[in-house]
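> There's a structure below that I have some questions on.
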Amino acid sequence: MAKIGTLKYRLVQNNNEHQTGAFKKWYIRAVQDRTLTFDEFVQHMADHNSPYSRGVIHGVLIDMLACLQELILDGKSVRLGELGLVSLGISSKGVDSVKQASVSEQVKGVHLLVRNTKTWSNAELRKLCKIEELAKNDVKEEEEETEPNP
């Protein structure tokens with residue numbers, strides 16, 4: 001059985017006038033109370049009764065990240081076990097005909113996609129999360145600067 005976690009949120013008002021149906025409405029947005037550095041993540045793994053040292057875990061993860069980047073930049077998808085399938089995606093503007101298609105004009109951006117698996121499905125994640133509001137004083141000061149926009 002998976003461990004139950006806590007998904008924290010804040011209420012955020014939409015102030016984008018161009019979103020007429022959503023303008024001035026309040027939305028619940030997921031927030032994190034802390035971002036771990038890569039080294040803190042490595043230490044966390046080493047502290048969980050791992051037979052491997054911080055150095056070994058760090059090295060393996062650094063190599064994994066380099067290989068993951070190489071493969072997805074080469075157009076591959078990589079399934080990371082139960083976490084999900086990692087690949088690249090494109091954001092683009094639509095055109096009226098194939099003759100108007102142009103990469104330089106249509107592509108707005110490239111982004112990383114992580115598509116979840118059955119055990120990490122949206123429904124399963126909802127079951128595993130207790131949802132509670134994040135109090136303003138629960139966030140480290142340096143984290144407030146990086147708070148995502150709604």
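Just remember, in the structure tokens the first chain shown is A, the second B, etc., residues are 1-based per chain, and ligands are 1-based in the order shown.
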So that I can check the surroundings of region 40-51 of chain A, please list as a PyMOL selection string every protein, DNA and RNA residue that reaches within 12 Å of it, counting only C-alpha atoms and ignoring chain neighbours fewer than 5 positions away.
chain A and resi 34-35+56-62
> What's around region 114-120 of chain A at 10 Å? Count only C-alpha atoms, leave out sequence neighbours fewer than 6 positions away in its own chain, and write the answer as a PyMOL selection string.
chain A and resi 2+77-89+126+128
> Which residue out of A:His111, A:Phe38, A:Leu11, A:Tyr52 has the minimum interatomic distance to Lys25 (chain A) when only C-alpha atoms are used?
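When distances to Lys25 (chain A) are compared using only C-alpha atoms, the smallest one comes from A:Leu11.
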> Which residues in chain A does DSSP call helix (DSSP H, G or I)? List them as a VMD selection string.
chain A and resid 38 to 46 54 to 73 98 to 100 103 to 106 122 to 128 136 to 138 141 to 144
> Using only C-alpha atoms, pick whichever of A:Ile4, A:Ala30, A:Leu71, A:Leu112 has the shortest atom-to-atom distance to Leu125 (chain A).
A:Ile4
> Can you tell me which residues surround Ser104 (chain A) at a distance of at most 12 Å, considering only C-alpha atoms, apart from same-chain residues fewer than 5 positions away, and format the answer as a PyMOL selection string?
chain A and resi 92-93+109
> Write down as an mmCIF file with all heavy atoms, in the first residue's frame the residues of chain A whose backbone DSSP state falls under strand (DSSP E).

data_model
loop_
_atom_site.group_PDB
_atom_site.id
_atom_site.type_symbol
_atom_site.label_atom_id
_atom_site.label_comp_id
_atom_site.auth_asym_id
_atom_site.auth_seq_id
_atom_site.Cartn_x
_atom_site.Cartn_y
_atom_site.Cartn_z
ATOM 1 N N GLY A 5 0.106 11.008 1.161
ATOM 2 C CA GLY A 5 0.846 12.263 1.236
ATOM 3 C C GLY A 5 -0.097 13.432 1.423
ATOM 4 O O GLY A 5 -1.311 13.271 1.472
ATOM 5 N N THR A 6 0.478 14.617 1.535
ATOM 6 C CA THR A 6 -0.310 15.830 1.691
ATOM 7 C C THR A 6 -0.038 16.750 0.514
ATOM 8 O O THR A 6 1.101 17.170 0.303
ATOM 9 C CB THR A 6 0.045 16.548 3.009
ATOM 10 O OG1 THR A 6 -0.210 15.653 4.092
ATOM 11 C CG2 THR A 6 -0.796 17.802 3.178
ATOM 12 N N LEU A 7 -1.080 17.044 -0.236
ATOM 13 C CA LEU A 7 -0.997 17.983 -1.342
ATOM 14 C C LEU A 7 -1.490 19.327 -0.832
ATOM 15 O O LEU A 7 -2.638 19.460 -0.424
ATOM 16 C CB LEU A 7 -1.857 17.504 -2.511
ATOM 17 C CG LEU A 7 -1.942 18.433 -3.720
ATOM 18 C CD1 LEU A 7 -0.558 18.665 -4.319
ATOM 19 C CD2 LEU A 7 -2.878 17.843 -4.758
ATOM 20 N N LYS A 8 -0.602 20.302 -0.831
ATOM 21 C CA LYS A 8 -0.961 21.612 -0.289
ATOM 22 C C LYS A 8 -1.433 22.522 -1.415
ATOM 23 O O LYS A 8 -1.037 22.367 -2.569
ATOM 24 C CB LYS A 8 0.228 22.205 0.443
ATOM 25 C CG LYS A 8 0.610 21.340 1.644
ATOM 26 C CD LYS A 8 1.829 21.831 2.347
ATOM 27 C CE LYS A 8 2.103 20.913 3.523
ATOM 28 N NZ LYS A 8 3.371 20.296 3.466
ATOM 29 N N TYR A 9 -2.295 23.498 -1.053
ATOM 30 C CA TYR A 9 -2.839 24.397 -2.059
ATOM 31 C C TYR A 9 -2.969 25.802 -1.508
ATOM 32 O O TYR A 9 -2.868 26.031 -0.304
ATOM 33 C CB TYR A 9 -4.206 23.913 -2.547
ATOM 34 C CG TYR A 9 -5.311 24.111 -1.532
ATOM 35 C CD1 TYR A 9 -6.058 25.286 -1.506
ATOM 36 C CD2 TYR A 9 -5.597 23.135 -0.592
ATOM 37 C CE1 TYR A 9 -7.064 25.474 -0.567
ATOM 38 C CE2 TYR A 9 -6.591 23.311 0.351
ATOM 39 C CZ TYR A 9 -7.323 24.483 0.357
ATOM 40 O OH TYR A 9 -8.302 24.675 1.289
ATOM 41 N N ARG A 10 -3.179 26.725 -2.422
ATOM 42 C CA ARG A 10 -3.531 28.104 -2.096
ATOM 43 C C ARG A 10 -4.687 28.505 -2.981
ATOM 44 O O ARG A 10 -4.832 28.006 -4.094
ATOM 45 C CB ARG A 10 -2.364 29.052 -2.380
ATOM 46 C CG ARG A 10 -1.284 29.003 -1.351
ATOM 47 C CD ARG A 10 -0.607 30.376 -1.226
ATOM 48 N NE ARG A 10 0.381 30.310 -0.176
ATOM 49 C CZ ARG A 10 1.689 30.342 -0.383
ATOM 50 N NH1 ARG A 10 2.163 30.471 -1.594
ATOM 51 N NH2 ARG A 10 2.519 30.264 0.618
ATOM 52 N N LEU A 11 -5.482 29.439 -2.513
ATOM 53 C CA LEU A 11 -6.531 30.033 -3.336
ATOM 54 C C LEU A 11 -5.901 31.195 -4.100
ATOM 55 O O LEU A 11 -5.225 32.043 -3.511
ATOM 56 C CB LEU A 11 -7.687 30.536 -2.480
ATOM 57 C CG LEU A 11 -8.566 29.444 -1.902
ATOM 58 C CD1 LEU A 11 -9.544 30.025 -0.900
ATOM 59 C CD2 LEU A 11 -9.309 28.724 -3.012
ATOM 60 N N VAL A 12 -6.122 31.218 -5.423
ATOM 61 C CA VAL A 12 -5.520 32.232 -6.282
ATOM 62 C C VAL A 12 -6.614 32.819 -7.161
ATOM 63 O O VAL A 12 -7.395 32.087 -7.776
ATOM 64 C CB VAL A 12 -4.412 31.613 -7.166
ATOM 65 C CG1 VAL A 12 -3.816 32.637 -8.109
ATOM 66 C CG2 VAL A 12 -3.333 30.978 -6.295
ATOM 67 N N GLN A 13 -6.650 34.154 -7.231
ATOM 68 C CA GLN A 13 -7.645 34.811 -8.070
ATOM 69 C C GLN A 13 -7.063 35.043 -9.458
ATOM 70 O O GLN A 13 -5.938 35.515 -9.614
ATOM 71 C CB GLN A 13 -8.077 36.145 -7.456
ATOM 72 C CG GLN A 13 -9.258 36.751 -8.177
ATOM 73 C CD GLN A 13 -9.777 38.007 -7.481
ATOM 74 O OE1 GLN A 13 -9.015 38.754 -6.878
ATOM 75 N NE2 GLN A 13 -11.077 38.216 -7.566
ATOM 76 N N TRP A 26 -11.902 32.586 -8.291
ATOM 77 C CA TRP A 26 -10.887 32.027 -7.410
ATOM 78 C C TRP A 26 -10.684 30.549 -7.737
ATOM 79 O O TRP A 26 -11.635 29.805 -7.923
ATOM 80 C CB TRP A 26 -11.310 32.179 -5.951
ATOM 81 C CG TRP A 26 -11.249 33.608 -5.505
ATOM 82 C CD1 TRP A 26 -12.236 34.541 -5.610
ATOM 83 C CD2 TRP A 26 -10.133 34.263 -4.931
ATOM 84 N NE1 TRP A 26 -11.810 35.740 -5.120
ATOM 85 C CE2 TRP A 26 -10.512 35.602 -4.690
ATOM 86 C CE3 TRP A 26 -8.847 33.859 -4.592
ATOM 87 C CZ2 TRP A 26 -9.650 36.526 -4.131
ATOM 88 C CZ3 TRP A 26 -7.998 34.793 -4.012
ATOM 89 C CH2 TRP A 26 -8.398 36.103 -3.795
ATOM 90 N N TYR A 27 -9.420 30.140 -7.774
ATOM 91 C CA TYR A 27 -9.059 28.770 -8.116
ATOM 92 C C TYR A 27 -8.136 28.196 -7.043
ATOM 93 O O TYR A 27 -7.366 28.924 -6.417
ATOM 94 C CB TYR A 27 -8.355 28.716 -9.469
ATOM 95 C CG TYR A 27 -9.276 29.082 -10.602
ATOM 96 C CD1 TYR A 27 -9.445 30.413 -10.983
ATOM 97 C CD2 TYR A 27 -9.996 28.104 -11.263
ATOM 98 C CE1 TYR A 27 -10.309 30.752 -12.009
ATOM 99 C CE2 TYR A 27 -10.861 28.436 -12.286
ATOM 100 C CZ TYR A 27 -11.013 29.759 -12.659
ATOM 101 O OH TYR A 27 -11.871 30.089 -13.666
ATOM 102 N N ILE A 28 -8.226 26.888 -6.865
ATOM 103 C CA ILE A 28 -7.316 26.180 -5.972
ATOM 104 C C ILE A 28 -6.125 25.747 -6.814
ATOM 105 O O ILE A 28 -6.290 25.106 -7.857
ATOM 106 C CB ILE A 28 -8.017 24.971 -5.330
ATOM 107 C CG1 ILE A 28 -9.108 25.462 -4.379
ATOM 108 C CG2 ILE A 28 -7.011 24.073 -4.626
ATOM 109 C CD1 ILE A 28 -9.944 24.355 -3.789
ATOM 110 N N ARG A 29 -4.919 26.107 -6.384
ATOM 111 C CA ARG A 29 -3.689 25.767 -7.099
ATOM 112 C C ARG A 29 -2.754 25.012 -6.168
ATOM 113 O O ARG A 29 -2.516 25.425 -5.026
ATOM 114 C CB ARG A 29 -2.973 27.024 -7.600
ATOM 115 C CG ARG A 29 -3.762 27.828 -8.603
ATOM 116 C CD ARG A 29 -3.793 27.102 -9.946
ATOM 117 N NE ARG A 29 -4.416 27.936 -10.948
ATOM 118 C CZ ARG A 29 -5.547 27.642 -11.560
ATOM 119 N NH1 ARG A 29 -6.185 26.527 -11.259
ATOM 120 N NH2 ARG A 29 -6.046 28.423 -12.473
ATOM 121 N N ALA A 30 -2.207 23.915 -6.657
ATOM 122 C CA ALA A 30 -1.241 23.139 -5.885
ATOM 123 C C ALA A 30 0.030 23.965 -5.699
ATOM 124 O O ALA A 30 0.470 24.655 -6.616
ATOM 125 C CB ALA A 30 -0.908 21.831 -6.611
ATOM 126 N N VAL A 31 0.579 23.907 -4.501
ATOM 127 C CA VAL A 31 1.846 24.578 -4.196
ATOM 128 C C VAL A 31 2.730 23.615 -3.414
ATOM 129 O O VAL A 31 2.242 22.688 -2.766
ATOM 130 C CB VAL A 31 1.654 25.884 -3.394
ATOM 131 C CG1 VAL A 31 0.945 26.932 -4.213
ATOM 132 C CG2 VAL A 31 0.925 25.646 -2.095
ATOM 133 N N VAL A 78 10.999 7.569 -22.806
ATOM 134 C CA VAL A 78 11.620 6.685 -21.824
ATOM 135 C C VAL A 78 10.618 6.444 -20.696
ATOM 136 O O VAL A 78 10.134 7.387 -20.080
ATOM 137 C CB VAL A 78 12.922 7.298 -21.253
ATOM 138 C CG1 VAL A 78 13.527 6.381 -20.194
ATOM 139 C CG2 VAL A 78 13.924 7.574 -22.362
ATOM 140 N N ARG A 79 10.302 5.172 -20.445
ATOM 141 C CA ARG A 79 9.405 4.829 -19.341
ATOM 142 C C ARG A 79 10.252 4.659 -18.089
ATOM 143 O O ARG A 79 11.137 3.815 -18.042
ATOM 144 C CB ARG A 79 8.637 3.548 -19.633
ATOM 145 C CG ARG A 79 7.651 3.208 -18.514
ATOM 146 C CD ARG A 79 6.691 2.097 -18.869
ATOM 147 N NE ARG A 79 5.922 2.334 -20.066
ATOM 148 C CZ ARG A 79 4.873 3.160 -20.167
ATOM 149 N NH1 ARG A 79 4.501 3.868 -19.121
ATOM 150 N NH2 ARG A 79 4.222 3.295 -21.295
ATOM 151 N N LEU A 80 9.965 5.474 -17.088
ATOM 152 C CA LEU A 80 10.686 5.398 -15.812
ATOM 153 C C LEU A 80 9.842 4.622 -14.807
ATOM 154 O O LEU A 80 9.267 5.186 -13.870
ATOM 155 C CB LEU A 80 10.998 6.806 -15.289
ATOM 156 C CG LEU A 80 11.988 7.615 -16.114
ATOM 157 C CD1 LEU A 80 12.157 9.005 -15.531
ATOM 158 C CD2 LEU A 80 13.326 6.906 -16.203
ATOM 159 N N GLY A 84 6.354 7.172 -14.787
ATOM 160 C CA GLY A 84 5.704 7.618 -16.006
ATOM 161 C C GLY A 84 6.596 7.543 -17.220
ATOM 162 O O GLY A 84 7.740 7.092 -17.162
ATOM 163 N N LEU A 85 6.048 8.014 -18.314
ATOM 164 C CA LEU A 85 6.715 8.022 -19.606
ATOM 165 C C LEU A 85 7.186 9.441 -19.876
ATOM 166 O O LEU A 85 6.385 10.382 -19.888
ATOM 167 C CB LEU A 85 5.727 7.572 -20.686
ATOM 168 C CG LEU A 85 6.256 7.397 -22.089
ATOM 169 C CD1 LEU A 85 7.200 6.204 -22.150
ATOM 170 C CD2 LEU A 85 5.096 7.196 -23.046
ATOM 171 N N VAL A 86 8.489 9.622 -20.097
ATOM 172 C CA VAL A 86 9.080 10.942 -20.293
ATOM 173 C C VAL A 86 9.374 11.129 -21.778
ATOM 174 O O VAL A 86 9.952 10.258 -22.426
ATOM 175 C CB VAL A 86 10.384 11.090 -19.479
ATOM 176 C CG1 VAL A 86 11.001 12.470 -19.673
ATOM 177 C CG2 VAL A 86 10.129 10.824 -18.009
ATOM 178 N N SER A 87 8.948 12.282 -22.321
ATOM 179 C CA SER A 87 9.202 12.599 -23.728
ATOM 180 C C SER A 87 9.116 14.105 -23.912
ATOM 181 O O SER A 87 8.853 14.841 -22.968
ATOM 182 C CB SER A 87 8.186 11.891 -24.633
ATOM 183 O OG SER A 87 6.872 12.315 -24.322
ATOM 184 N N LEU A 88 9.332 14.549 -25.136
ATOM 185 C CA LEU A 88 9.211 15.971 -25.462
ATOM 186 C C LEU A 88 7.862 16.244 -26.106
ATOM 187 O O LEU A 88 7.305 15.386 -26.784
ATOM 188 C CB LEU A 88 10.320 16.409 -26.415
ATOM 189 C CG LEU A 88 11.728 16.438 -25.847
ATOM 190 C CD1 LEU A 88 12.720 16.868 -26.927
ATOM 191 C CD2 LEU A 88 11.819 17.366 -24.654
ATOM 192 N N GLY A 89 7.371 17.450 -25.923
ATOM 193 C CA GLY A 89 6.139 17.898 -26.566
ATOM 194 C C GLY A 89 6.369 19.252 -27.205
ATOM 195 O O GLY A 89 7.344 19.938 -26.910
ATOM 196 N N ILE A 90 5.463 19.639 -28.095
ATOM 197 C CA ILE A 90 5.550 20.916 -28.796
ATOM 198 C C ILE A 90 4.264 21.687 -28.565
ATOM 199 O O ILE A 90 3.174 21.128 -28.668
ATOM 200 C CB ILE A 90 5.749 20.699 -30.311
ATOM 201 C CG1 ILE A 90 7.094 20.031 -30.593
ATOM 202 C CG2 ILE A 90 5.640 22.018 -31.068
ATOM 203 C CD1 ILE A 90 7.305 19.677 -32.065
ATOM 204 N N SER A 91 4.391 22.971 -28.274
ATOM 205 C CA SER A 91 3.243 23.883 -28.241
ATOM 206 C C SER A 91 3.275 24.655 -29.558
ATOM 207 O O SER A 91 4.319 25.194 -29.929
ATOM 208 C CB SER A 91 3.362 24.883 -27.092
ATOM 209 O OG SER A 91 3.391 24.213 -25.870
ATOM 210 N N SER A 92 2.128 24.679 -30.250
ATOM 211 C CA SER A 92 2.123 25.359 -31.543
ATOM 212 C C SER A 92 0.814 26.086 -31.787
ATOM 213 O O SER A 92 -0.195 25.809 -31.152
ATOM 214 C CB SER A 92 2.378 24.362 -32.676
ATOM 215 O OG SER A 92 1.306 23.458 -32.793
ATOM 216 N N VAL A 107 5.618 26.992 -34.164
ATOM 217 C CA VAL A 107 6.093 26.425 -32.899
ATOM 218 C C VAL A 107 6.297 27.539 -31.876
ATOM 219 O O VAL A 107 7.068 28.464 -32.090
ATOM 220 C CB VAL A 107 7.391 25.615 -33.093
ATOM 221 C CG1 VAL A 107 7.959 25.168 -31.746
ATOM 222 C CG2 VAL A 107 7.123 24.396 -33.967
ATOM 223 N N LYS A 108 5.550 27.433 -30.773
ATOM 224 C CA LYS A 108 5.658 28.405 -29.680
ATOM 225 C C LYS A 108 6.659 27.944 -28.625
ATOM 226 O O LYS A 108 7.274 28.750 -27.960
ATOM 227 C CB LYS A 108 4.298 28.636 -29.022
ATOM 228 C CG LYS A 108 3.269 29.244 -29.954
ATOM 229 C CD LYS A 108 2.004 29.674 -29.241
ATOM 230 C CE LYS A 108 1.274 28.521 -28.619
ATOM 231 N NZ LYS A 108 -0.013 28.889 -28.015
ATOM 232 N N GLY A 109 6.812 26.634 -28.474
ATOM 233 C CA GLY A 109 7.736 26.134 -27.467
ATOM 234 C C GLY A 109 7.858 24.625 -27.475
ATOM 235 O O GLY A 109 7.052 23.920 -28.085
ATOM 236 N N VAL A 110 8.894 24.155 -26.819
ATOM 237 C CA VAL A 110 9.140 22.727 -26.621
ATOM 238 C C VAL A 110 9.164 22.509 -25.118
ATOM 239 O O VAL A 110 9.705 23.322 -24.374
ATOM 240 C CB VAL A 110 10.483 22.304 -27.262
ATOM 241 C CG1 VAL A 110 10.797 20.848 -26.970
ATOM 242 C CG2 VAL A 110 10.467 22.560 -28.763
ATOM 243 N N HIS A 111 8.551 21.432 -24.663
ATOM 244 C CA HIS A 111 8.466 21.184 -23.229
ATOM 245 C C HIS A 111 8.622 19.707 -22.913
ATOM 246 O O HIS A 111 8.460 18.859 -23.785
ATOM 247 C CB HIS A 111 7.150 21.716 -22.657
ATOM 248 C CG HIS A 111 5.953 21.269 -23.438
ATOM 249 N ND1 HIS A 111 5.445 21.974 -24.496
ATOM 250 C CD2 HIS A 111 5.187 20.173 -23.333
ATOM 251 C CE1 HIS A 111 4.408 21.332 -25.002
ATOM 252 N NE2 HIS A 111 4.235 20.240 -24.309
ATOM 253 N N LEU A 112 8.939 19.439 -21.676
ATOM 254 C CA LEU A 112 9.101 18.077 -21.186
ATOM 255 C C LEU A 112 7.753 17.548 -20.737
ATOM 256 O O LEU A 112 7.014 18.229 -20.029
ATOM 257 C CB LEU A 112 10.089 18.071 -20.013
ATOM 258 C CG LEU A 112 10.552 16.721 -19.496
ATOM 259 C CD1 LEU A 112 11.350 15.983 -20.569
ATOM 260 C CD2 LEU A 112 11.415 16.919 -18.256
ATOM 261 N N LEU A 113 7.420 16.349 -21.158
ATOM 262 C CA LEU A 113 6.172 15.701 -20.764
ATOM 263 C C LEU A 113 6.482 14.505 -19.866
ATOM 264 O O LEU A 113 7.423 13.765 -20.123
ATOM 265 C CB LEU A 113 5.431 15.163 -21.994
ATOM 266 C CG LEU A 113 4.934 16.162 -23.022
ATOM 267 C CD1 LEU A 113 4.429 15.427 -24.256
ATOM 268 C CD2 LEU A 113 3.841 17.015 -22.435
ATOM 269 N N VAL A 114 5.682 14.338 -18.835
ATOM 270 C CA VAL A 114 5.723 13.117 -18.034
ATOM 271 C C VAL A 114 4.287 12.632 -17.960
ATOM 272 O O VAL A 114 3.434 13.265 -17.345
ATOM 273 C CB VAL A 114 6.283 13.351 -16.612
ATOM 274 C CG1 VAL A 114 6.284 12.041 -15.829
ATOM 275 C CG2 VAL A 114 7.676 13.944 -16.668
ATOM 276 N N ARG A 115 4.013 11.545 -18.666
ATOM 277 C CA ARG A 115 2.664 10.962 -18.653
ATOM 278 C C ARG A 115 2.642 9.850 -17.619
ATOM 279 O O ARG A 115 3.469 8.950 -17.648
ATOM 280 C CB ARG A 115 2.318 10.439 -20.045
ATOM 281 C CG ARG A 115 2.059 11.602 -21.008
ATOM 282 C CD ARG A 115 1.961 11.123 -22.404
ATOM 283 N NE ARG A 115 3.325 11.203 -22.932
ATOM 284 C CZ ARG A 115 3.688 10.757 -24.114
ATOM 285 N NH1 ARG A 115 2.822 10.159 -24.886
ATOM 286 N NH2 ARG A 115 4.921 10.895 -24.523
ATOM 287 N N CYS A 129 -3.596 11.465 -1.800
ATOM 288 C CA CYS A 129 -3.307 12.824 -1.322
ATOM 289 C C CYS A 129 -4.377 13.339 -0.382
ATOM 290 O O CYS A 129 -5.554 13.374 -0.723
ATOM 291 C CB CYS A 129 -3.212 13.801 -2.499
ATOM 292 S SG CYS A 129 -1.785 13.552 -3.539
ATOM 293 N N LYS A 130 -3.938 13.731 0.781
ATOM 294 C CA LYS A 130 -4.789 14.505 1.675
ATOM 295 C C LYS A 130 -4.555 15.953 1.240
ATOM 296 O O LYS A 130 -3.413 16.398 1.129
ATOM 297 C CB LYS A 130 -4.356 14.288 3.123
ATOM 298 C CG LYS A 130 -5.156 15.077 4.134
ATOM 299 C CD LYS A 130 -4.677 14.788 5.535
ATOM 300 C CE LYS A 130 -3.441 15.629 5.773
ATOM 301 N NZ LYS A 130 -2.934 15.598 7.124
ATOM 302 N N ILE A 131 -5.605 16.709 0.974
ATOM 303 C CA ILE A 131 -5.455 18.058 0.446
ATOM 304 C C ILE A 131 -5.723 19.071 1.546
ATOM 305 O O ILE A 131 -6.755 19.022 2.209
ATOM 306 C CB ILE A 131 -6.403 18.285 -0.754
ATOM 307 C CG1 ILE A 131 -6.073 17.272 -1.854
ATOM 308 C CG2 ILE A 131 -6.296 19.704 -1.270
ATOM 309 C CD1 ILE A 131 -6.997 17.313 -3.038
ATOM 310 N N GLU A 132 -4.737 19.965 1.751
ATOM 311 C CA GLU A 132 -4.901 20.984 2.781
ATOM 312 C C GLU A 132 -4.276 22.300 2.327
ATOM 313 O O GLU A 132 -3.335 22.315 1.545
ATOM 314 C CB GLU A 132 -4.304 20.550 4.108
ATOM 315 C CG GLU A 132 -2.803 20.426 4.135
ATOM 316 C CD GLU A 132 -2.271 19.981 5.489
ATOM 317 O OE1 GLU A 132 -2.887 19.121 6.153
ATOM 318 O OE2 GLU A 132 -1.218 20.506 5.878
ATOM 319 N N GLU A 133 -4.843 23.396 2.845
ATOM 320 C CA GLU A 133 -4.352 24.720 2.470
ATOM 321 C C GLU A 133 -2.991 24.963 3.102
ATOM 322 O O GLU A 133 -2.750 24.628 4.252
ATOM 323 C CB GLU A 133 -5.336 25.804 2.903
ATOM 324 C CG GLU A 133 -4.969 27.172 2.382
ATOM 325 C CD GLU A 133 -6.061 28.201 2.593
ATOM 326 O OE1 GLU A 133 -7.033 27.922 3.319
ATOM 327 O OE2 GLU A 133 -5.929 29.292 2.025
#
> Please, what distance in Å, to one decimal, runs between CA of Asp39 (chain A) and CA of Arg54 (chain A)?
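Between CA of Asp39 (chain A) and CA of Arg54 (chain A) the gap is 8.7 Å.
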